[in-house]
file structure.pdb (PDB, C-alpha atoms)
ATOM      1  CA  PHE A 219       3.855 -31.629  -1.731
ATOM      2  CA  ASP A 220       6.149 -30.162  -4.379
ATOM      3  CA  THR A 221       4.260 -27.538  -6.400
ATOM      4  CA  SER A 222       7.248 -26.177  -8.339
ATOM      5  CA  GLU A 223       6.089 -27.773 -11.590
ATOM      6  CA  SER A 224       2.435 -26.744 -11.305
ATOM      7  CA  GLU A 225       0.910 -24.646 -14.072
ATOM      8  CA  ARG A 226       0.664 -21.667 -11.705
ATOM      9  CA  SER A 227       4.300 -21.995 -10.608
ATOM     10  CA  LEU A 228       5.509 -22.004 -14.223
ATOM     11  CA  GLN A 229       3.332 -19.074 -15.296
ATOM     12  CA  ARG A 230       5.356 -16.172 -16.709
ATOM     13  CA  ALA A 231       2.648 -13.491 -17.004
ATOM     14  CA  VAL A 232       1.256 -11.587 -14.033
ATOM     15  CA  GLY A 233      -2.167 -12.860 -13.068
ATOM     16  CA  PRO A 234      -4.982 -11.175 -11.143
ATOM     17  CA  SER A 235      -3.979 -12.938  -7.909
ATOM     18  CA  GLU A 236      -0.670 -11.052  -7.890
ATOM     19  CA  VAL A 237      -2.000  -7.603  -8.769
ATOM     20  CA  GLY A 238      -1.865  -5.247  -5.813
ATOM     21  CA  GLY A 239       0.623  -7.396  -3.941
ATOM     22  CA  CYS A 240       4.363  -7.169  -3.515
ATOM     23  CA  ARG A 241       5.858  -5.514  -6.609
ATOM     24  CA  ARG A 242       9.337  -6.786  -5.807
ATOM     25  CA  ARG A 243       8.188 -10.416  -5.592
ATOM     26  CA  VAL A 244       6.358 -10.172  -8.929
ATOM     27  CA  TRP A 245       9.308  -8.414 -10.573
ATOM     28  CA  HIS A 246      11.730 -11.133  -9.427
ATOM     29  CA  ARG A 247       9.406 -13.889 -10.613
ATOM     30  CA  LEU A 248       9.099 -12.233 -14.032
ATOM     31  CA  GLN A 249      12.888 -11.919 -14.230
ATOM     32  CA  GLY A 250      13.322 -15.609 -13.419
ATOM     33  CA  THR A 251      15.305 -14.858 -10.276
ATOM     34  CA  PRO A 252      15.820 -18.100  -8.340
ATOM     35  CA  PRO A 253      13.821 -18.075  -5.091
ATOM     36  CA  ILE A 254      15.878 -17.616  -1.950
ATOM     37  CA  ASN A 255      13.091 -18.270   0.546
ATOM     38  CA  SER A 256      11.651 -21.671  -0.176
ATOM     39  CA  THR A 257       8.091 -22.335   0.876
ATOM     40  CA  LEU A 258       6.523 -25.589   1.861
ATOM     41  CA  GLY A 259       3.899 -26.954  -0.492
ATOM     42  CA  ALA A 260       1.312 -28.472   1.871
ATOM     43  CA  ALA A 261      -0.851 -25.334   2.014
ATOM     44  CA  ALA A 262      -0.916 -25.020  -1.792
ATOM     45  CA  PHE A 263      -1.623 -28.733  -2.100
ATOM     46  CA  MET A 264      -4.562 -28.486   0.313
ATOM     47  CA  GLY A 265      -5.877 -25.384  -1.428
ATOM     48  CA  THR A 266      -5.811 -27.155  -4.784
ATOM     49  CA  ALA A 267      -7.549 -30.214  -3.329
ATOM     50  CA  ILE A 268     -10.281 -28.070  -1.764
ATOM     51  CA  HIS A 269     -10.791 -26.205  -5.061
ATOM     52  CA  GLU A 270     -11.094 -29.472  -6.986
ATOM     53  CA  LYS A 271     -13.668 -30.889  -4.571
ATOM     54  CA  ILE A 272     -15.812 -27.735  -4.662
ATOM     55  CA  GLU A 273     -15.594 -27.563  -8.454
ATOM     56  CA  ARG A 274     -16.652 -31.209  -8.764
ATOM     57  CA  ARG A 275     -19.653 -30.615  -6.489
ATOM     58  CA  LEU A 276     -20.773 -27.496  -8.362
ATOM     59  CA  SER A 277     -20.500 -29.379 -11.666
ATOM     60  CA  GLU A 278     -22.744 -32.079 -10.244
ATOM     61  CA  LEU A 279     -25.292 -29.462  -9.152
ATOM     62  CA  SER A 280     -25.514 -27.671 -12.488
ATOM     63  CA  GLN A 281     -23.285 -27.645 -15.534
ATOM     64  CA  ASP A 282     -25.271 -24.768 -17.047
ATOM     65  CA  ARG A 283     -25.389 -22.433 -14.066
ATOM     66  CA  TYR A 284     -21.768 -22.559 -12.879
ATOM     67  CA  LEU A 285     -18.856 -21.891 -15.199
ATOM     68  CA  ILE A 286     -15.796 -23.314 -13.483
ATOM     69  CA  GLU A 287     -12.156 -22.306 -14.006
ATOM     70  CA  LEU A 288     -13.227 -20.076 -16.869
ATOM     71  CA  GLU A 289     -10.191 -18.625 -18.661
ATOM     72  CA  VAL A 290     -10.688 -14.986 -19.643
ATOM     73  CA  GLU A 291      -8.377 -12.255 -20.916
ATOM     74  CA  PHE A 292      -8.490  -8.498 -21.406
ATOM     75  CA  ALA A 293      -5.823  -5.802 -21.807
ATOM     76  CA  GLY A 294      -2.971  -8.298 -21.535
ATOM     77  CA  LEU A 295      -4.275  -9.741 -18.276
ATOM     78  CA  MET A 296      -5.388 -13.356 -18.261
ATOM     79  CA  GLY A 297      -7.036 -15.170 -15.406
ATOM     80  CA  HIS A 298      -8.878 -18.313 -14.430
ATOM     81  CA  VAL A 299     -12.081 -17.491 -12.581
ATOM     82  CA  ASP A 300     -12.847 -20.103  -9.913
ATOM     83  CA  VAL A 301     -16.611 -19.880 -10.441
ATOM     84  CA  TYR A 302     -18.951 -17.646 -12.409
ATOM     85  CA  ASP A 303     -22.607 -18.049 -11.452
ATOM     86  CA  THR A 304     -24.580 -17.290 -14.635
ATOM     87  CA  VAL A 305     -27.879 -16.929 -12.752
ATOM     88  CA  ASP A 306     -26.741 -14.512 -10.030
ATOM     89  CA  ARG A 307     -24.100 -12.948 -12.339
ATOM     90  CA  GLU A 308     -21.582 -13.446  -9.586
ATOM     91  CA  VAL A 309     -17.837 -14.096  -9.475
ATOM     92  CA  ILE A 310     -16.867 -16.468  -6.658
ATOM     93  CA  ASP A 311     -13.264 -16.953  -5.614
ATOM     94  CA  TRP A 312     -12.209 -19.560  -3.041
ATOM     95  CA  LYS A 313      -9.335 -18.851  -0.674
ATOM     96  CA  THR A 314      -7.802 -21.246   1.803
ATOM     97  CA  ILE A 315      -6.828 -19.426   4.970
ATOM     98  CA  THR A 316      -5.986 -20.276   8.570
ATOM     99  CA  LEU A 317      -8.062 -19.631  11.671
ATOM    100  CA  LYS A 318      -5.320 -17.316  12.927
ATOM    101  CA  LYS A 319      -5.643 -15.106   9.833
ATOM    102  CA  LYS A 320      -9.469 -15.042   9.658
ATOM    103  CA  ARG A 321      -9.659 -11.522  11.035
ATOM    104  CA  TRP A 322      -7.643 -10.183   8.081
ATOM    105  CA  PHE A 323      -9.807 -11.853   5.467
ATOM    106  CA  PRO A 324     -10.335 -10.584   2.860
ATOM    107  CA  SER A 325      -7.347  -8.414   2.091
ATOM    108  CA  GLU A 326      -7.388  -5.435  -0.277
ATOM    109  CA  GLN A 327      -5.339  -7.505  -2.729
ATOM    110  CA  GLN A 328      -7.943 -10.284  -2.669
ATOM    111  CA  TRP A 329     -10.731  -7.758  -3.301
ATOM    112  CA  MET A 330      -8.751  -6.315  -6.193
ATOM    113  CA  GLN A 331      -8.270  -9.806  -7.630
ATOM    114  CA  VAL A 332     -11.958 -10.694  -7.581
ATOM    115  CA  HIS A 333     -12.929  -7.298  -9.055
ATOM    116  CA  LEU A 334     -10.356  -7.880 -11.816
ATOM    117  CA  TYR A 335     -12.019 -11.211 -12.529
ATOM    118  CA  GLY A 336     -15.268  -9.279 -12.832
ATOM    119  CA  LEU A 337     -13.632  -6.951 -15.360
ATOM    120  CA  LEU A 338     -12.214  -9.840 -17.367
ATOM    121  CA  LEU A 339     -15.644 -11.470 -17.460
ATOM    122  CA  ALA A 340     -17.482  -8.238 -18.305
ATOM    123  CA  GLU A 341     -15.080  -7.456 -21.146
ATOM    124  CA  ASN A 342     -15.708 -10.936 -22.527
ATOM    125  CA  GLY A 343     -19.487 -10.542 -22.587
ATOM    126  CA  TYR A 344     -20.463 -11.951 -19.190
ATOM    127  CA  PRO A 345     -22.601  -9.600 -17.085
ATOM    128  CA  VAL A 346     -21.281  -9.195 -13.533
ATOM    129  CA  ASP A 347     -23.274  -7.799 -10.618
ATOM    130  CA  GLN A 348     -21.593  -9.295  -7.566
ATOM    131  CA  VAL A 349     -18.168 -10.506  -6.429
ATOM    132  CA  THR A 350     -17.713 -12.959  -3.570
ATOM    133  CA  LEU A 351     -14.699 -14.198  -1.651
ATOM    134  CA  VAL A 352     -14.999 -17.402   0.349
ATOM    135  CA  GLY A 353     -12.343 -18.042   3.003
ATOM    136  CA  ILE A 354     -12.032 -21.698   3.977
ATOM    137  CA  PRO A 355      -9.757 -22.308   6.987
ATOM    138  CA  ARG A 356      -7.538 -25.325   6.438
ATOM    139  CA  ASP A 357      -7.417 -25.825  10.191
ATOM    140  CA  GLY A 358     -11.103 -25.246  10.911
ATOM    141  CA  ASN A 359     -14.517 -26.621  10.055
ATOM    142  CA  GLU A 360     -17.580 -25.497   8.108
ATOM    143  CA  ARG A 361     -18.634 -23.060  10.869
ATOM    144  CA  ASP A 362     -15.367 -21.184  10.345
ATOM    145  CA  VAL A 363     -15.905 -20.517   6.627
ATOM    146  CA  LEU A 364     -16.171 -16.802   5.804
ATOM    147  CA  VAL A 365     -18.215 -15.486   2.890
ATOM    148  CA  ARG A 366     -17.812 -11.835   1.893
ATOM    149  CA  SER A 367     -19.680 -10.262  -1.026
ATOM    150  CA  GLU A 368     -20.039  -6.823  -2.526
ATOM    151  CA  PRO A 369     -21.295  -5.322  -5.779
ATOM    152  CA  TRP A 370     -18.793  -5.523  -8.619
ATOM    153  CA  ASN A 371     -16.944  -2.214  -8.953
ATOM    154  CA  ARG A 372     -15.122  -1.428 -12.176
ATOM    155  CA  HIS A 373     -13.186   1.362 -10.432
ATOM    156  CA  ILE A 374     -11.422  -1.195  -8.189
ATOM    157  CA  ALA A 375     -10.554  -3.293 -11.254
ATOM    158  CA  ASP A 376      -9.205  -0.208 -13.048
ATOM    159  CA  GLU A 377      -6.948   0.471 -10.043
ATOM    160  CA  GLY A 378      -5.579  -3.038 -10.513
ATOM    161  CA  LEU A 379      -4.852  -2.351 -14.186
ATOM    162  CA  LEU A 380      -3.021   0.845 -13.183
ATOM    163  CA  TRP A 381      -0.943  -1.161 -10.671
ATOM    164  CA  LEU A 382      -0.065  -3.593 -13.441
ATOM    165  CA  ARG A 383       0.913  -0.811 -15.875
ATOM    166  CA  GLY A 384       3.101   0.718 -13.167
ATOM    167  CA  LEU A 385       4.869  -2.613 -12.729
ATOM    168  CA  HIS A 386       5.599  -2.923 -16.440
ATOM    169  CA  THR A 387       6.948   0.627 -16.686
ATOM    170  CA  ARG A 388       9.466  -0.230 -13.943
ATOM    171  CA  LEU A 389      10.739  -3.382 -15.656
TER     172      LEU A 389
END
call {"tool": "encode", "arguments": {"input": "structure.pdb", "output": "structure tokens"}}
result
Amino acid sequence: FDTSESERSLQRAVGPSEVGGCRRRVWHRLQGTPPINSTLGAAAFMGTAIHEKIERRLSELSQDRYLIELEVEFAGLMGHVDVYDTVDREVIDWKTITLKKKRWFPSEQQWMQVHLYGLLLAENGYPVDQVTLVGIPRDGNERDVLVRSEPWNRHIADEGLLWLRGLHTRL
């Protein structure tokens, strides 16, 4: 389950999924500091597999409606949006979680991430009305899936950009 050579693991720029999280962790990653706390790769492997299966199914349903893994950039921030629904003008981001952590889903950082995706899309000409986070427990079943939605809020995305600027001024 080694994920050390994955595209995400080798990424040098800060992405929306890291904004609002641990500044120290992001700083060390940007500096190339060798990790001292190794993590096991099974959870990341399962998350990637779940993403791929969902993406394949959405592509089968409609190649025009759902834009999958859309790469967008604005203000030096680049991200890959899991799904953009062109009909509902909705950003959808999948998260693999555990049953034990369901009560903390979604976190403020996850909300910031999905609102940043909305900003990246909006600045690239895609209208955004709604953002949705879907929590899929790796150790549960379909009844345990959590879906949380709210209107897209540029103010939350702007807070994320301020967090990112603050990180770069400390480097």
call {"tool": "closest_residue", "arguments": {"input": "structure.pdb", "among": "A:Leu317, A:Met330, A:Ala262, A:Val309", "to": "A:Leu285", "atoms": "only C-alpha atoms"}}
result
A:Val309
call {"tool": "resolve_selection", "arguments": {"input": "structure.pdb", "expression": "the PyMOL selection byres ((chain A and resi 344) around 12)", "output": "MDAnalysis selection string"}}
result
chainID A and resid 285 288 290 302:309 335:343 345:348
call {"tool": "atom_distance", "arguments": {"input": "structure.pdb", "atom1": "atom CA of A:Pro355", "atom2": "atom CA of A:Thr314"}}
result
5.6 Å
call {"tool": "resolve_selection", "arguments": {"input": "structure.pdb", "expression": "the PyMOL selection byres ((chain A and resi 244) around 12)", "output": "list of chain:residue names"}}
result
A:Gln229, A:Arg230, A:Ala231, A:Val232, A:Gly233, A:Pro234, A:Ser235, A:Glu236, A:Val237, A:Gly238, A:Gly239, A:Cys240, A:Arg241, A:Arg242, A:Arg243, A:Trp245, A:His246, A:Arg247, A:Leu248, A:Gln249, A:Gly250, A:Thr251, A:Pro253, A:Trp381, A:Leu382, A:Leu385, A:His386, A:Arg388, A:Leu389
call {"tool": "closest_residue", "arguments": {"input": "structure.pdb", "among": "A:Leu364, A:Val352, A:Met296, A:Val332", "to": "A:Lys320", "atoms": "all atoms listed in the file"}}
result
A:Leu364
call {"tool": "residues_near_point", "arguments": {"input": "structure.pdb", "point": "(-11.8, -13.0, -4.2)", "cutoff": "9 Å", "atoms": "all atoms listed in the file", "output": "PyMOL selection string"}}
result
chain A and resi 235+309-313+324-325+327-333+335+349-353+366-367
call {"tool": "atom_distance", "arguments": {"input": "structure.pdb", "atom1": "atom CA of A:Phe292", "atom2": "atom CA of A:Ile272"}}
result
26.5 Å
call {"tool": "decode", "arguments": {"input": "structure.pdb", "residues": "stretch 325-348 of chain A", "atoms": "N, CA, C and O atoms", "output": "tab-separated table (two decimals), in the first residue's frame"}}
result
chain	number	residue	atom	x	y	z
A	325	SER	N	-15.19	18.49	8.91
A	325	SER	CA	-14.40	19.42	9.71
A	325	SER	C	-14.42	20.81	9.06
A	325	SER	O	-14.79	20.95	7.89
A	326	GLU	N	-13.99	21.81	9.80
A	326	GLU	CA	-13.88	23.16	9.23
A	326	GLU	C	-12.90	23.18	8.06
A	326	GLU	O	-13.12	23.87	7.07
A	327	GLN	N	-11.82	22.42	8.18
A	327	GLN	CA	-10.84	22.35	7.10
A	327	GLN	C	-11.46	21.75	5.84
A	327	GLN	O	-11.21	22.23	4.73
A	328	GLN	N	-12.28	20.73	5.99
A	328	GLN	CA	-12.93	20.13	4.83
A	328	GLN	C	-13.92	21.10	4.18
A	328	GLN	O	-14.00	21.18	2.96
A	329	TRP	N	-14.66	21.86	5.01
A	329	TRP	CA	-15.54	22.88	4.45
A	329	TRP	C	-14.74	23.93	3.70
A	329	TRP	O	-15.13	24.36	2.61
A	330	MET	N	-13.63	24.36	4.27
A	330	MET	CA	-12.80	25.35	3.61
A	330	MET	C	-12.31	24.82	2.26
A	330	MET	O	-12.33	25.53	1.25
A	331	GLN	N	-11.89	23.56	2.24
A	331	GLN	CA	-11.41	22.95	1.00
A	331	GLN	C	-12.48	22.99	-0.08
A	331	GLN	O	-12.22	23.43	-1.21
A	332	VAL	N	-13.69	22.56	0.23
A	332	VAL	CA	-14.72	22.48	-0.80
A	332	VAL	C	-15.16	23.88	-1.25
A	332	VAL	O	-15.49	24.10	-2.42
A	333	HIS	N	-15.13	24.86	-0.34
A	333	HIS	CA	-15.44	26.24	-0.73
A	333	HIS	C	-14.32	26.81	-1.61
A	333	HIS	O	-14.59	27.59	-2.53
A	334	LEU	N	-13.08	26.42	-1.33
A	334	LEU	CA	-11.96	26.83	-2.20
A	334	LEU	C	-12.12	26.23	-3.60
A	334	LEU	O	-11.86	26.90	-4.60
A	335	TYR	N	-12.56	24.99	-3.67
A	335	TYR	CA	-12.84	24.41	-4.99
A	335	TYR	C	-13.91	25.23	-5.71
A	335	TYR	O	-13.81	25.47	-6.92
A	336	GLY	N	-14.91	25.67	-4.97
A	336	GLY	CA	-15.93	26.53	-5.56
A	336	GLY	C	-15.34	27.81	-6.11
A	336	GLY	O	-15.69	28.25	-7.22
A	337	LEU	N	-14.41	28.41	-5.37
A	337	LEU	CA	-13.74	29.63	-5.83
A	337	LEU	C	-12.93	29.35	-7.09
A	337	LEU	O	-12.99	30.12	-8.06
A	338	LEU	N	-12.16	28.28	-7.08
A	338	LEU	CA	-11.35	27.94	-8.24
A	338	LEU	C	-12.23	27.74	-9.48
A	338	LEU	O	-11.90	28.22	-10.57
A	339	LEU	N	-13.34	27.07	-9.29
A	339	LEU	CA	-14.27	26.87	-10.41
A	339	LEU	C	-14.88	28.19	-10.87
A	339	LEU	O	-14.91	28.49	-12.07
A	340	ALA	N	-15.37	28.99	-9.92
A	340	ALA	CA	-16.02	30.26	-10.26
A	340	ALA	C	-15.05	31.18	-11.00
A	340	ALA	O	-15.44	31.84	-11.98
A	341	GLU	N	-13.81	31.22	-10.57
A	341	GLU	CA	-12.82	32.09	-11.21
A	341	GLU	C	-12.41	31.57	-12.59
A	341	GLU	O	-11.77	32.28	-13.35
A	342	ASN	N	-12.77	30.34	-12.88
A	342	ASN	CA	-12.48	29.77	-14.20
A	342	ASN	C	-13.74	29.63	-15.06
A	342	ASN	O	-13.77	28.87	-16.02
A	343	GLY	N	-14.78	30.38	-14.68
A	343	GLY	CA	-15.97	30.47	-15.51
A	343	GLY	C	-17.06	29.45	-15.26
A	343	GLY	O	-18.02	29.38	-16.04
A	344	TYR	N	-16.96	28.68	-14.19
A	344	TYR	CA	-17.99	27.70	-13.87
A	344	TYR	C	-18.88	28.26	-12.76
A	344	TYR	O	-18.38	28.54	-11.67
A	345	PRO	N	-20.16	28.42	-12.98
A	345	PRO	CA	-21.02	28.93	-11.91
A	345	PRO	C	-21.17	27.90	-10.80
A	345	PRO	O	-21.30	26.70	-11.06
A	346	VAL	N	-21.11	28.36	-9.55
A	346	VAL	CA	-21.20	27.47	-8.40
A	346	VAL	C	-22.28	27.99	-7.46
A	346	VAL	O	-22.25	29.14	-7.05
A	347	ASP	N	-23.23	27.12	-7.15
A	347	ASP	CA	-24.29	27.46	-6.20
A	347	ASP	C	-24.16	26.69	-4.89
A	347	ASP	O	-24.50	27.20	-3.83
A	348	GLN	N	-23.69	25.46	-4.97
A	348	GLN	CA	-23.73	24.54	-3.84
A	348	GLN	C	-22.41	23.81	-3.71
A	348	GLN	O	-21.75	23.51	-4.70
